[in-house]
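Undergrad: What follows is upload00.cif, mmCIF, C-alpha atoms.
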data_my_file
#
loop_
_atom_site.label_atom_id
_atom_site.label_comp_id
_atom_site.auth_asym_id
_atom_site.auth_seq_id
_atom_site.Cartn_x
_atom_site.Cartn_y
_atom_site.Cartn_z
CA MET Q 159 237.12 30.03 180.25
CA ASN Q 160 236.15 26.45 180.92
CA ARG Q 161 233.72 24.46 178.86
CA ARG Q 162 230.84 24.77 181.33
CA THR Q 163 231.07 28.54 181.42
CA ALA Q 164 231.20 28.64 177.64
CA LEU Q 165 228.06 26.50 177.41
CA LEU Q 166 226.25 28.70 179.94
CA LEU Q 167 227.17 31.84 178.01
CA ALA Q 168 226.06 30.24 174.73
CA ALA Q 169 222.73 29.26 176.27
CA PHE Q 170 222.27 32.75 177.68
CA ALA Q 171 223.06 34.34 174.31
CA SER Q 172 220.65 32.03 172.49
CA ASN Q 173 217.92 32.89 175.04
CA ILE Q 174 218.45 36.58 174.40
CA LEU Q 175 218.35 36.07 170.65
CA ALA Q 176 215.26 33.89 170.86
CA SER Q 177 213.41 36.35 173.10
CA GLY Q 178 214.42 39.22 170.81
CA ALA Q 179 213.07 37.44 167.78
CA ALA Q 180 209.76 36.69 169.46
CA LEU Q 181 209.16 40.26 170.60
CA ALA Q 182 206.36 42.04 168.79
CA GLY Q 183 206.58 45.74 168.20
CA THR Q 184 204.27 48.37 169.60
CA VAL Q 185 202.34 48.51 166.34
CA GLU Q 186 201.75 44.76 166.27
CA ASN Q 187 200.54 44.77 169.89
CA LEU Q 188 198.16 47.61 169.15
CA GLU Q 189 196.81 45.85 166.06
CA ARG Q 190 196.20 42.67 168.02
CA GLU Q 191 194.39 44.40 170.90
CA ARG Q 192 192.36 46.55 168.50
CA ALA Q 193 191.24 43.47 166.58
CA ILE Q 194 190.18 41.79 169.85
CA ALA Q 195 188.30 44.93 170.95
CA ILE Q 196 186.41 45.18 167.65
CA GLU Q 197 185.61 41.49 167.79
CA ALA Q 198 184.16 42.03 171.26
CA LEU Q 199 182.14 45.02 170.04
CA LEU Q 200 180.63 43.03 167.18
CA SER Q 201 180.29 39.70 168.90
CA PRO Q 202 176.68 38.42 168.86
CA ASN Q 203 177.47 36.00 171.68
CA MET Q 204 177.80 38.68 174.37
CA ASP Q 205 175.03 40.30 176.32
CA PRO Q 206 175.15 44.11 176.72
CA ALA Q 207 176.64 44.01 180.25
CA GLU Q 208 179.32 41.62 179.19
CA ARG Q 209 180.11 43.74 176.12
CA GLN Q 210 180.24 46.88 178.26
CA SER Q 211 182.69 45.35 180.68
CA SER Q 212 184.83 43.92 177.92
CA THR Q 213 184.88 47.25 176.07
CA GLU Q 214 185.94 49.15 179.21
CA ILE Q 215 188.89 46.83 179.73
CA ALA Q 216 189.85 46.98 176.06
CA ARG Q 217 189.59 50.75 176.02
CA THR Q 218 191.94 51.22 178.98
CA ARG Q 219 194.43 48.86 177.41
CA LEU Q 220 194.11 50.44 173.98
CA VAL Q 221 194.71 53.95 175.35
CA ASP Q 222 198.12 52.89 176.61
CA LEU Q 223 198.98 50.95 173.47
CA GLU Q 224 197.96 53.82 171.19
CA ARG Q 225 200.10 56.21 173.20
CA MET Q 226 203.04 53.82 173.06
CA VAL Q 227 202.80 53.74 169.26
CA LEU Q 228 202.42 57.49 168.94
CA ARG Q 229 205.37 58.10 171.25
CA ASP Q 230 207.61 55.42 169.74
CA ASP Q 231 210.49 57.32 168.10
CA GLY Q 232 211.78 54.07 166.64
CA LEU Q 233 208.82 54.02 164.24
CA ARG Q 234 209.66 57.37 162.69
CA GLY Q 235 210.29 56.82 158.98
CA ARG Q 236 210.22 53.02 159.33
CA ASN Q 237 208.64 52.23 156.01
CA THR Q 238 207.19 48.78 156.72
CA PRO Q 239 203.66 47.66 155.73
CA ALA Q 240 202.56 47.49 159.39
CA VAL Q 241 203.80 50.99 160.22
CA ARG Q 242 202.49 52.45 156.96
CA SER Q 243 199.11 50.92 157.60
CA ALA Q 244 199.02 52.16 161.21
CA PHE Q 245 199.56 55.77 160.20
CA GLU Q 246 197.44 55.62 157.05
CA ASN Q 247 194.22 56.36 158.91
CA TYR Q 248 194.49 57.89 162.39
CA ASP Q 249 190.78 57.43 163.06
CA LEU Q 250 190.92 53.69 162.51
CA SER Q 251 194.29 52.96 164.05
CA PHE Q 252 194.01 55.11 167.16
CA LEU Q 253 190.43 54.23 167.77
CA VAL Q 254 190.05 55.26 171.41
CA HIS Q 255 191.74 58.64 171.08
CA ALA Q 256 189.89 59.47 167.87
CA SER Q 257 186.51 58.41 169.26
CA ILE Q 258 186.90 60.50 172.43
CA GLU Q 259 188.18 63.43 170.36
CA LYS Q 260 184.99 63.27 168.30
CA ASN Q 261 182.73 62.63 171.33
CA ARG Q 262 181.53 59.32 169.98
CA SER Q 263 181.27 55.86 171.41
CA LEU Q 264 183.86 53.37 170.30
CA ILE Q 265 181.50 51.31 168.20
CA ASP Q 266 179.83 54.35 166.58
CA HIS Q 267 183.19 55.77 165.63
CA TRP Q 268 184.44 52.50 164.19
CA LEU Q 269 181.25 51.86 162.21
CA GLU Q 270 181.39 55.36 160.80
CA GLN Q 271 184.99 54.88 159.73
CA VAL Q 272 184.17 51.68 157.89
CA GLY Q 273 181.23 53.39 156.20
CA VAL Q 274 178.27 52.12 158.23
CA THR Q 275 176.13 55.00 159.52
CA THR Q 276 172.57 55.22 160.86
CA ASN Q 277 171.51 56.88 157.64
CA SER Q 278 173.12 54.25 155.47
CA LEU Q 279 171.47 51.52 157.53
CA MET Q 280 168.06 53.22 157.41
CA SER Q 281 168.25 53.64 153.68
CA ALA Q 282 169.33 50.06 153.11
CA ARG Q 283 166.94 47.68 151.39
CA ILE Q 284 166.70 43.98 151.69
CA GLY Q 285 167.25 42.39 148.33
CA ARG Q 286 168.78 39.53 146.50
CA ARG Q 287 172.22 39.99 145.10
CA MET O 290 275.44 74.04 162.32
CA MET O 291 277.36 76.93 163.76
CA THR O 292 280.14 74.60 164.87
CA ARG O 293 280.45 73.38 161.28
CA THR O 294 280.58 76.96 160.05
CA LEU O 295 283.33 77.85 162.49
CA ASP O 296 285.31 74.76 161.59
CA ARG O 297 285.11 75.71 157.98
CA ARG O 298 286.03 79.25 158.79
CA THR O 299 289.19 78.19 160.56
CA GLY O 300 290.02 75.50 158.06
CA ARG O 301 292.31 75.77 155.05
CA ARG O 302 290.91 77.76 152.19
CA PRO O 303 290.21 75.60 149.15
CA GLY O 304 291.89 76.46 145.89
CA LEU O 305 290.29 78.24 142.97
CA GLY O 306 289.46 75.09 141.06
CA ILE O 307 287.79 73.45 144.04
CA ARG O 308 285.82 76.59 144.90
CA VAL O 309 284.58 77.06 141.35
CA ALA O 310 283.69 73.40 141.16
CA THR O 311 281.77 73.63 144.43
CA CYS O 312 279.88 76.68 143.25
CA LEU O 313 278.98 74.97 139.98
CA LEU O 314 277.93 71.87 141.88
CA THR O 315 275.72 74.04 144.03
CA LEU O 316 274.28 75.56 140.90
CA ALA O 317 273.63 72.18 139.38
CA LEU O 318 271.92 70.94 142.54
CA LEU O 319 269.71 74.02 142.64
CA ALA O 320 268.76 73.62 139.03
CA ASP O 321 267.54 70.10 139.80
CA ALA O 322 265.68 71.15 142.91
CA THR O 323 262.27 72.18 141.65
CA PRO O 324 260.15 73.83 144.31
CA SER O 325 257.63 71.04 144.43
CA SER O 326 260.15 68.78 145.44
CA ALA O 327 261.94 69.88 146.59
CA ALA O 328 261.42 66.65 145.15
CA THR O 329 262.62 65.06 148.25
CA GLU O 330 260.72 62.13 149.63
CA PRO O 331 258.82 63.31 152.66
CA ARG O 332 260.33 61.56 155.62
CA HIS O 333 257.20 60.88 157.53
CA GLY O 334 254.69 58.57 158.95
CA SER O 335 251.21 58.86 157.65
CA TRP O 336 247.77 60.03 158.69
CA ASN O 337 244.87 57.78 157.83
CA PRO O 338 241.72 59.15 159.46
CA VAL O 339 238.50 57.16 159.13
CA ALA O 340 235.17 58.79 158.27
CA SER O 341 233.27 56.80 160.88
CA GLU O 342 229.59 57.09 161.77
CA LYS O 343 230.70 58.21 165.22
CA LEU O 344 232.51 61.16 163.65
CA ILE O 345 229.45 62.16 161.60
CA LYS O 346 227.30 62.31 164.70
CA LEU O 347 229.63 64.74 166.49
CA PRO O 348 228.58 68.40 166.69
CA GLY O 349 230.39 70.63 164.19
CA SER O 350 232.75 72.34 166.59
CA TYR O 351 233.73 69.08 168.22
CA LEU O 352 234.12 67.36 164.84
CA LYS O 353 236.91 69.76 163.89
CA LYS O 354 238.61 69.30 167.26
CA ALA O 355 238.39 65.52 166.97
CA ILE O 356 240.01 65.62 163.52
CA GLU O 357 242.75 67.97 164.71
CA ASN O 358 243.36 65.76 167.72
CA ASP O 359 243.57 62.66 165.52
CA PHE O 360 246.04 64.44 163.25
CA SER O 361 248.25 65.65 166.10
CA ASN O 362 248.68 62.02 167.23
CA SER O 363 249.65 60.83 163.75
CA GLY O 364 253.06 60.14 162.25
CA LEU O 365 252.49 62.90 159.72
CA ALA O 366 252.11 65.49 162.48
CA ALA O 367 255.32 64.22 164.11
CA ALA O 368 257.17 64.57 160.79
CA LEU O 369 255.75 68.07 160.35
CA ARG O 370 256.92 69.06 163.83
CA ASP O 371 260.41 67.63 163.17
CA THR O 372 260.68 69.56 159.92
CA GLU O 373 259.57 72.76 161.64
CA ILE O 374 262.26 72.30 164.31
CA SER O 375 264.90 71.70 161.61
CA MET O 376 263.72 74.80 159.75
CA GLY O 377 264.01 76.84 162.94
CA LEU O 378 267.57 75.64 163.50
CA LYS O 379 268.52 76.23 159.88
CA SER O 380 267.06 79.71 160.05
CA GLN O 381 269.23 80.43 163.09
CA THR O 382 272.29 79.17 161.21
CA LEU O 383 271.47 81.49 158.31
CA ALA O 384 271.18 84.46 160.66
CA ASP O 385 274.53 83.61 162.26
CA LEU O 386 276.21 83.24 158.89
CA GLN O 387 274.77 86.51 157.65
CA SER O 388 276.12 88.42 160.62
CA ALA O 389 279.49 86.65 160.22
CA ILE O 390 279.62 87.69 156.53
CA ASP O 391 279.02 91.32 157.50
CA GLN O 392 282.03 91.22 159.81
CA ALA O 393 284.31 89.12 157.57
CA ASP O 394 286.62 90.38 154.87
CA GLY O 395 288.53 89.06 151.85
CA GLU O 396 288.75 85.34 151.21
CA LEU O 397 287.02 84.46 154.45
CA LYS O 398 284.04 86.50 153.31
CA VAL O 399 283.89 84.63 150.00
CA ASP O 400 284.10 81.34 151.86
CA LEU O 401 281.30 82.36 154.19
CA GLN O 402 279.18 83.57 151.28
CA HIS O 403 279.63 80.20 149.66
CA GLN O 404 278.58 78.47 152.85
CA PHE O 405 275.66 80.87 153.20
CA LEU O 406 274.43 79.82 149.76
CA ALA O 407 274.79 76.13 150.63
CA GLU O 408 272.84 76.65 153.87
CA LYS O 409 270.14 78.58 152.02
CA ARG O 410 269.80 75.68 149.60
CA ASP O 411 269.42 73.27 152.55
CA TYR O 412 266.85 75.60 154.09
CA LEU O 413 264.83 75.59 150.87
CA GLU O 414 264.92 71.82 150.79
CA LEU O 415 263.49 71.76 154.29
CA VAL O 416 260.80 74.27 153.33
CA GLY O 417 259.98 72.08 150.33
CA GLN O 418 259.63 69.05 152.61
CA HIS O 419 257.46 71.06 154.97
CA GLN O 420 255.20 72.09 152.11
CA ASP O 421 254.89 68.50 150.91
CA LEU O 422 253.85 67.43 154.40
CA ARG O 423 251.37 70.29 154.71
CA ARG O 424 249.94 69.47 151.32
CA GLU O 425 249.50 65.86 152.37
CA GLN O 426 247.81 66.98 155.59
CA MET O 427 245.41 69.28 153.72
CA ALA O 428 244.66 66.72 151.02
CA THR O 429 243.93 64.02 153.61
CA LYS O 430 241.76 66.40 155.60
CA MET O 431 239.84 67.38 152.48
CA ARG O 432 239.29 63.73 151.52
CA LEU O 433 237.99 63.09 155.03
CA TYR O 434 235.57 66.03 154.91
CA GLU O 435 234.36 64.93 151.48
CA LYS O 436 233.79 61.38 152.70
CA LEU O 437 231.82 62.70 155.69
CA LEU O 438 229.80 64.92 153.39
CA GLY O 439 229.14 61.96 151.07
CA LYS O 440 227.94 59.78 153.93
CA LEU O 441 225.70 62.54 155.20
CA SER O 442 224.23 63.05 151.72
CA ARG O 443 223.58 59.31 151.37
CA ASP O 444 221.72 59.36 154.70
CA ASN O 445 219.55 62.21 153.48
CA ALA O 446 219.01 60.59 150.08
CA ALA O 447 217.63 57.54 151.88
CA MET O 448 214.54 59.64 152.56
CA THR O 449 212.48 58.38 149.62
CA PRO O 450 209.14 60.00 148.71
CA ALA O 451 207.26 57.10 150.32
CA ARG O 452 209.28 57.44 153.49
CA GLN O 453 208.85 61.18 153.45
CA ALA O 454 205.08 60.73 153.15
CA LEU O 455 205.10 58.33 156.08
CA VAL O 456 207.06 60.77 158.23
CA GLU O 457 204.59 63.53 157.39
CA LYS O 458 201.68 61.30 158.39
CA GLN O 459 203.46 60.38 161.61
CA ASP O 460 204.01 64.04 162.39
CA ASP O 461 200.33 64.80 161.69
CA ALA O 462 199.28 61.91 163.92
CA LYS O 463 201.53 63.12 166.72
CA ARG O 464 200.19 66.67 166.46
CA ARG O 465 196.61 65.44 166.55
CA PHE O 466 197.42 63.22 169.52
CA GLU O 467 199.10 66.06 171.44
CA ASN O 468 196.09 68.30 170.80
CA SER O 469 193.59 65.74 172.03
CA ILE O 470 195.48 64.11 174.90
CA SER O 471 194.15 66.38 177.65
CA LYS O 472 190.59 65.90 176.47
CA VAL O 473 191.08 62.13 176.37
CA ASP O 474 192.60 62.12 179.86
CA MET O 475 189.80 64.23 181.26
CA LYS O 476 187.13 62.05 179.78
CA LEU O 477 188.74 58.74 180.64
CA PHE O 478 190.03 59.38 184.13
CA SER O 479 187.50 61.86 185.48
CA THR O 480 185.37 59.04 186.82
CA PRO O 481 186.73 57.30 189.91
CA MET O 482 185.78 54.00 188.31
CA ILE O 483 188.80 54.11 186.02
CA SER O 484 192.23 54.90 187.37
CA GLU O 485 195.34 55.72 185.40
CA SER O 486 197.30 52.71 184.24
CA LYS O 487 200.76 51.87 185.51
CA TYR O 488 202.18 52.92 182.14
CA ALA O 489 200.50 56.34 182.33
CA VAL O 490 201.71 56.97 185.89
CA GLU O 491 205.28 55.88 185.21
CA TYR O 492 205.36 57.74 181.90
CA SER O 493 204.30 61.04 183.46
CA LYS O 494 206.94 60.57 186.15
CA ASN O 495 209.66 59.85 183.62
CA VAL O 496 208.63 62.56 181.22
CA VAL O 497 209.66 65.22 183.76
CA ALA O 498 213.09 63.63 184.09
CA VAL O 499 213.37 63.31 180.31
CA GLU O 500 212.47 66.98 179.82
CA ARG O 501 215.14 68.05 182.31
CA LEU O 502 217.75 65.91 180.60
CA VAL O 503 216.76 67.22 177.16
CA GLN O 504 217.11 70.80 178.41
CA ALA O 505 220.54 69.98 179.90
CA ILE O 506 221.64 68.44 176.59
CA LYS O 507 220.37 71.46 174.64
CA ALA O 508 222.26 73.82 176.95
CA HIS O 509 225.46 71.77 176.87
CA PRO O 510 228.30 73.71 175.19
CA MET O 511 229.49 70.62 173.35
CA ASN O 512 226.06 70.25 171.80
CA ALA O 513 226.08 73.75 170.35
CA GLN O 514 224.91 73.85 166.77
CA SER O 515 227.56 74.38 164.14
CA GLU O 516 228.08 78.05 163.36
CA ILE O 517 229.69 79.98 160.53
CA ASN O 518 230.27 83.67 161.27
CA GLY O 519 227.89 83.42 164.20
CA ARG O 520 225.09 81.97 162.06
CA ALA O 521 223.75 78.53 162.90
CA VAL O 522 224.18 76.14 159.97
CA THR O 523 223.38 72.53 159.17
CA LYS O 524 226.00 69.80 159.43
CA GLN O 525 226.20 69.64 155.63
CA GLU O 526 226.79 73.38 155.31
CA PHE O 527 229.41 73.18 158.04
CA LEU O 528 231.24 70.37 156.23
CA ARG O 529 231.07 72.19 152.91
CA GLN O 530 232.63 75.23 154.59
CA ALA O 531 235.35 73.01 156.08
CA VAL O 532 236.09 71.60 152.59
CA ALA O 533 236.30 75.14 151.19
CA ASP O 534 238.62 76.24 154.03
CA THR O 535 240.91 73.27 153.44
CA GLN O 536 240.90 73.97 149.71
CA ALA O 537 241.95 77.55 150.48
CA GLU O 538 244.82 76.30 152.64
CA LEU O 539 245.93 74.03 149.80
CA ALA O 540 245.88 76.99 147.42
CA ILE O 541 248.07 78.93 149.86
CA VAL O 542 250.54 76.04 149.96
CA ASP O 543 250.63 76.11 146.15
CA GLN O 544 251.31 79.84 146.22
CA GLU O 545 254.09 79.34 148.74
CA GLU O 546 255.56 76.80 146.35
CA THR O 547 255.88 79.56 143.76
CA ILE O 548 257.65 81.73 146.33
CA LEU O 549 259.97 78.83 147.05
CA GLY O 550 260.69 78.53 143.33
CA TYR O 551 261.68 82.20 143.15
CA MET O 552 263.87 81.82 146.22
CA ALA O 553 265.62 78.85 144.61
CA LYS O 554 266.14 80.85 141.45
CA LEU O 555 267.62 83.70 143.48
CA ILE O 556 270.06 81.36 145.20
CA ALA O 557 271.09 79.97 141.82
CA LEU O 558 271.74 83.51 140.60
CA ASP O 559 273.67 84.32 143.79
CA ALA O 560 275.77 81.18 143.27
CA LEU O 561 276.42 82.21 139.68
CA ALA O 562 277.39 85.73 140.78
CA LEU O 563 279.72 84.32 143.44
CA THR O 564 281.31 81.98 140.93
CA GLU O 565 281.85 84.89 138.54
CA ALA O 566 283.25 87.08 141.31
CA VAL O 567 285.72 84.39 142.39
CA ALA O 568 286.70 83.67 138.78
CA ASP O 569 287.12 87.40 138.03
CA GLY O 570 289.30 87.94 141.09
CA ASP O 571 291.61 85.05 140.15
CA GLY O 572 291.57 86.16 136.47
CA GLU O 573 292.81 89.61 137.38
CA LEU O 574 295.69 88.08 139.31
CA ALA O 575 296.56 85.87 136.32
CA ASP O 576 296.39 88.83 133.94
CA GLU O 577 298.64 90.86 136.19
CA LYS O 578 301.08 87.96 136.31
CA GLN O 579 301.01 87.64 132.50
CA THR O 580 301.50 91.39 132.05
CA SER O 581 304.49 91.41 134.37
CA ASN O 582 305.91 88.42 132.56
CA LEU O 583 305.52 90.21 129.24
CA ALA O 584 306.97 93.39 130.62
CA SER O 585 309.93 91.54 131.92
CA ALA O 586 310.29 89.86 128.52
CA VAL O 587 310.39 93.21 126.72
CA ASP O 588 313.99 93.39 127.55
CA TYR O 589 314.54 90.33 125.43
CA PHE O 590 313.27 92.17 122.34
CA ILE O 591 315.11 95.43 122.72
CA PRO O 592 318.68 95.35 121.38
CA GLN O 593 321.27 96.25 124.02
#
Show the structure stored in the file as structure tokens.
TA:
Amino acid sequence: MNRRTALLLAAFASNILASGAALAGTVENLERERAIAIEALLSPNMDPAERQSSTEIARTRLVDLERMVLRDDGLRGRNTPAVRSAFENYDLSFLVHASIEKNRSLIDHWLEQVGVTTNSLMSARIGRR
Amino acid sequence: MMTRTLDRRTGRRPGLGIRVATCLLTLALLADATPSSAATEPRHGSWNPVASEKLIKLPGSYLKKAIENDFSNSGLAAALRDTEISMGLKSQTLADLQSAIDQADGELKVDLQHQFLAEKRDYLELVGQHQDLRREQMATKMRLYEKLLGKLSRDNAAMTPARQALVEKQDDAKRRFENSISKVDMKLFSTPMISESKYAVEYSKNVVAVERLVQAIKAHPMNAQSEINGRAVTKQEFLRQAVADTQAELAIVDQEETILGYMAKLIALDALALTEAVADGDGELADEKQTSNLASAVDYFIPQ
């Protein structure tokens, strides 16, 4: 093996290692997309049409990502904080599936899961803390 | 062996002193030869199997075959085979000698009986070697099974309560997902506005292929679950049974060692009996000679 070939192989190996290290797992991808979707749902800078369009796109993407996580056998028993957190609350982690299962809109389902309901809002009082 | 026997048969008969000495030497050798030993160093290569992860993952039936195959390629197996061949030949020699003794008579018979005893002693030594090799095989096999069992137990022990809880939650999540997937699909993709994603299309295509492969793997004879008496058992149970079986084989070898001890004792007694018989025969001749000498000397004491 000449020197040039050795250098090429070394570069190739380092590329593989670098790309491997940068790869995020299915859980991390889901968390990122879910955070973006919730941000879009709560954003005060969007008009309703814009929010609707953004939510539709996010929902389609989230459906796939949620399924990838649920079907990922590599996550079984992997006791890391990210995986533990993902499976701690199905309704929050797998937002799209859980919301459709319960016949709710995405935002209603999420608000309910974080403890904000119509009743709780109606019974809220403005006051000084 | 037979050639040696015939040569001895046709050779000059050793004198009384030599024969008695040989018998006593035989006796002494047998007294030293304890059955375990036949305290001879096993002339063998070795068998050093490795309890690898690859071995643990094999199905039970194939695991045993793999271990047997590994053993049959080892130096220990070669030594065992050699000893078995030698035992077979020695056994043949013993049969030949026994039939020759039945046909022989007089001094030749005594000579053959002596040789028969010597050959029996050699045979016992070979059996002792064979037992040592078998014991080594069984002990190595048992160590291997115990190592595999230990590794398997460590893998199971790695399932901590926290991990166990996570797995349960994952299973719950999967069940809930499987129960709701058709409803989700119907709701999401019933409108022509939204089409299935590339992932969903490719996944459903692949899932059929995966199912077929899984079925083929399940039906594969080499993937059959370990069984004991026709009952499916876990890998751990299978290994524990294998350890017990090997332990039983070791116990049998130990029992055979006792038999070997009794056989050695019997040969020693035979050698003693032969020595006595030879000594008695020669003693009678000497007594006769002495009596005749005395009788002939009587004349010297009677006045003419």
Undergrad: Determine the nearest neighbour of chain O from the options Q:Asn237, Q:Ser201, Q:Gln210, Q:Thr184, counting all atoms listed in the file.
TA: Q:Asn237
Undergrad: Pull out every residue that the PyMOL selection byres ((chain O) within 9 of (chain Q)) matches in the shown coordinates and put them as a ChimeraX atom specification.
TA: /O:448,451-460,462-463,465-466,469-470,472-473,476-477,483,485-486,488-489
Undergrad: Could you pull the residues within 10 Å of Ile345 in chain O, counting all atoms listed in the file, minus those fewer than 5 positions along the same chain, as a ChimeraX atom specification?
TA: /O:340,352,434,436-438,440-441,524,528
Undergrad: Export, as a PDB file, keeping the file's coordinate frame, the selected residues with C-alpha atoms.
TA:
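Ended up saving to out.pdb:
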ATOM      1  CA  ALA O 340     235.170  58.790 158.270  1.00  0.00           C
ATOM      2  CA  LEU O 352     234.120  67.360 164.840  1.00  0.00           C
ATOM      3  CA  TYR O 434     235.570  66.030 154.910  1.00  0.00           C
ATOM      4  CA  LYS O 436     233.790  61.380 152.700  1.00  0.00           C
ATOM      5  CA  LEU O 437     231.820  62.700 155.690  1.00  0.00           C
ATOM      6  CA  LEU O 438     229.800  64.920 153.390  1.00  0.00           C
ATOM      7  CA  LYS O 440     227.940  59.780 153.930  1.00  0.00           C
ATOM      8  CA  LEU O 441     225.700  62.540 155.200  1.00  0.00           C
ATOM      9  CA  LYS O 524     226.000  69.800 159.430  1.00  0.00           C
ATOM     10  CA  LEU O 528     231.240  70.370 156.230  1.00  0.00           C
TER      11      LEU O 528
END
Undergrad: Running the PyMOL selection byres ((chain O and resi 541-545) around 9) on this model by hand, what would come out? Give it as an NGL selection string.
TA: :O and (325 or 420-421 or 423-424 or 536-540 or 546-550)
Undergrad: Take the residues from that selection and write them out as a PDB file, in the coordinates of the input, keeping C-alpha atoms.
TA:
ATOM      1  CA  SER O 325     257.630  71.040 144.430  1.00  0.00           C
ATOM      2  CA  GLN O 420     255.200  72.090 152.110  1.00  0.00           C
ATOM      3  CA  ASP O 421     254.890  68.500 150.910  1.00  0.00           C
ATOM      4  CA  ARG O 423     251.370  70.290 154.710  1.00  0.00           C
ATOM      5  CA  ARG O 424     249.940  69.470 151.320  1.00  0.00           C
ATOM      6  CA  GLN O 536     240.900  73.970 149.710  1.00  0.00           C
ATOM      7  CA  ALA O 537     241.950  77.550 150.480  1.00  0.00           C
ATOM      8  CA  GLU O 538     244.820  76.300 152.640  1.00  0.00           C
ATOM      9  CA  LEU O 539     245.930  74.030 149.800  1.00  0.00           C
ATOM     10  CA  ALA O 540     245.880  76.990 147.420  1.00  0.00           C
ATOM     11  CA  GLU O 546     255.560  76.800 146.350  1.00  0.00           C
ATOM     12  CA  THR O 547     255.880  79.560 143.760  1.00  0.00           C
ATOM     13  CA  ILE O 548     257.650  81.730 146.330  1.00  0.00           C
ATOM     14  CA  LEU O 549     259.970  78.830 147.050  1.00  0.00           C
ATOM     15  CA  GLY O 550     260.690  78.530 143.330  1.00  0.00           C
TER      16      GLY O 550
END
Undergrad: When you count all atoms listed in the file, which of these residues is closest to Ile556 in chain O: O:Ser388, O:Ser350, O:Gln402, O:Gln381?
TA: O:Gln402
Undergrad: Could you jot down the CA of Pro206 in chain Q to CA of Ala193 in chain Q separation for me, Å, one decimal place?
TA: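 If I compute the distance from CA of Pro206 in chain Q to CA of Ala193 in chain Q, I get 19.0 Å.
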Undergrad: Determine the residue membership of the PyMOL selection byres ((chain O and resi 386) around 10) for the file above and supply it as a list in words.
TA: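 Written out, the selection comes to Met290, Met291, Thr294, Leu295, Ser380, Gln381, Thr382, Leu383, Ala384, Asp385, Gln387, Ser388, Ala389, Ile390, Asp391, Gln392, Leu401, Gln402, Gln404, Phe405, Leu406 and Glu408 of chain O.
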Undergrad: Between O:Glu342, O:Asp461, O:Glu425, O:Glu526, which one has atoms that come closest to Leu365 in chain O, using all atoms listed in the file?
TA: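 Counting all atoms listed in the file, the residue closest to Leu365 in chain O is O:Glu425.
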Undergrad: Measure the distance from CA of Leu200 in chain Q to CA of His267 in chain Q in Å and round it to one decimal.
TA: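 These atoms are spaced 13.1 Å apart.
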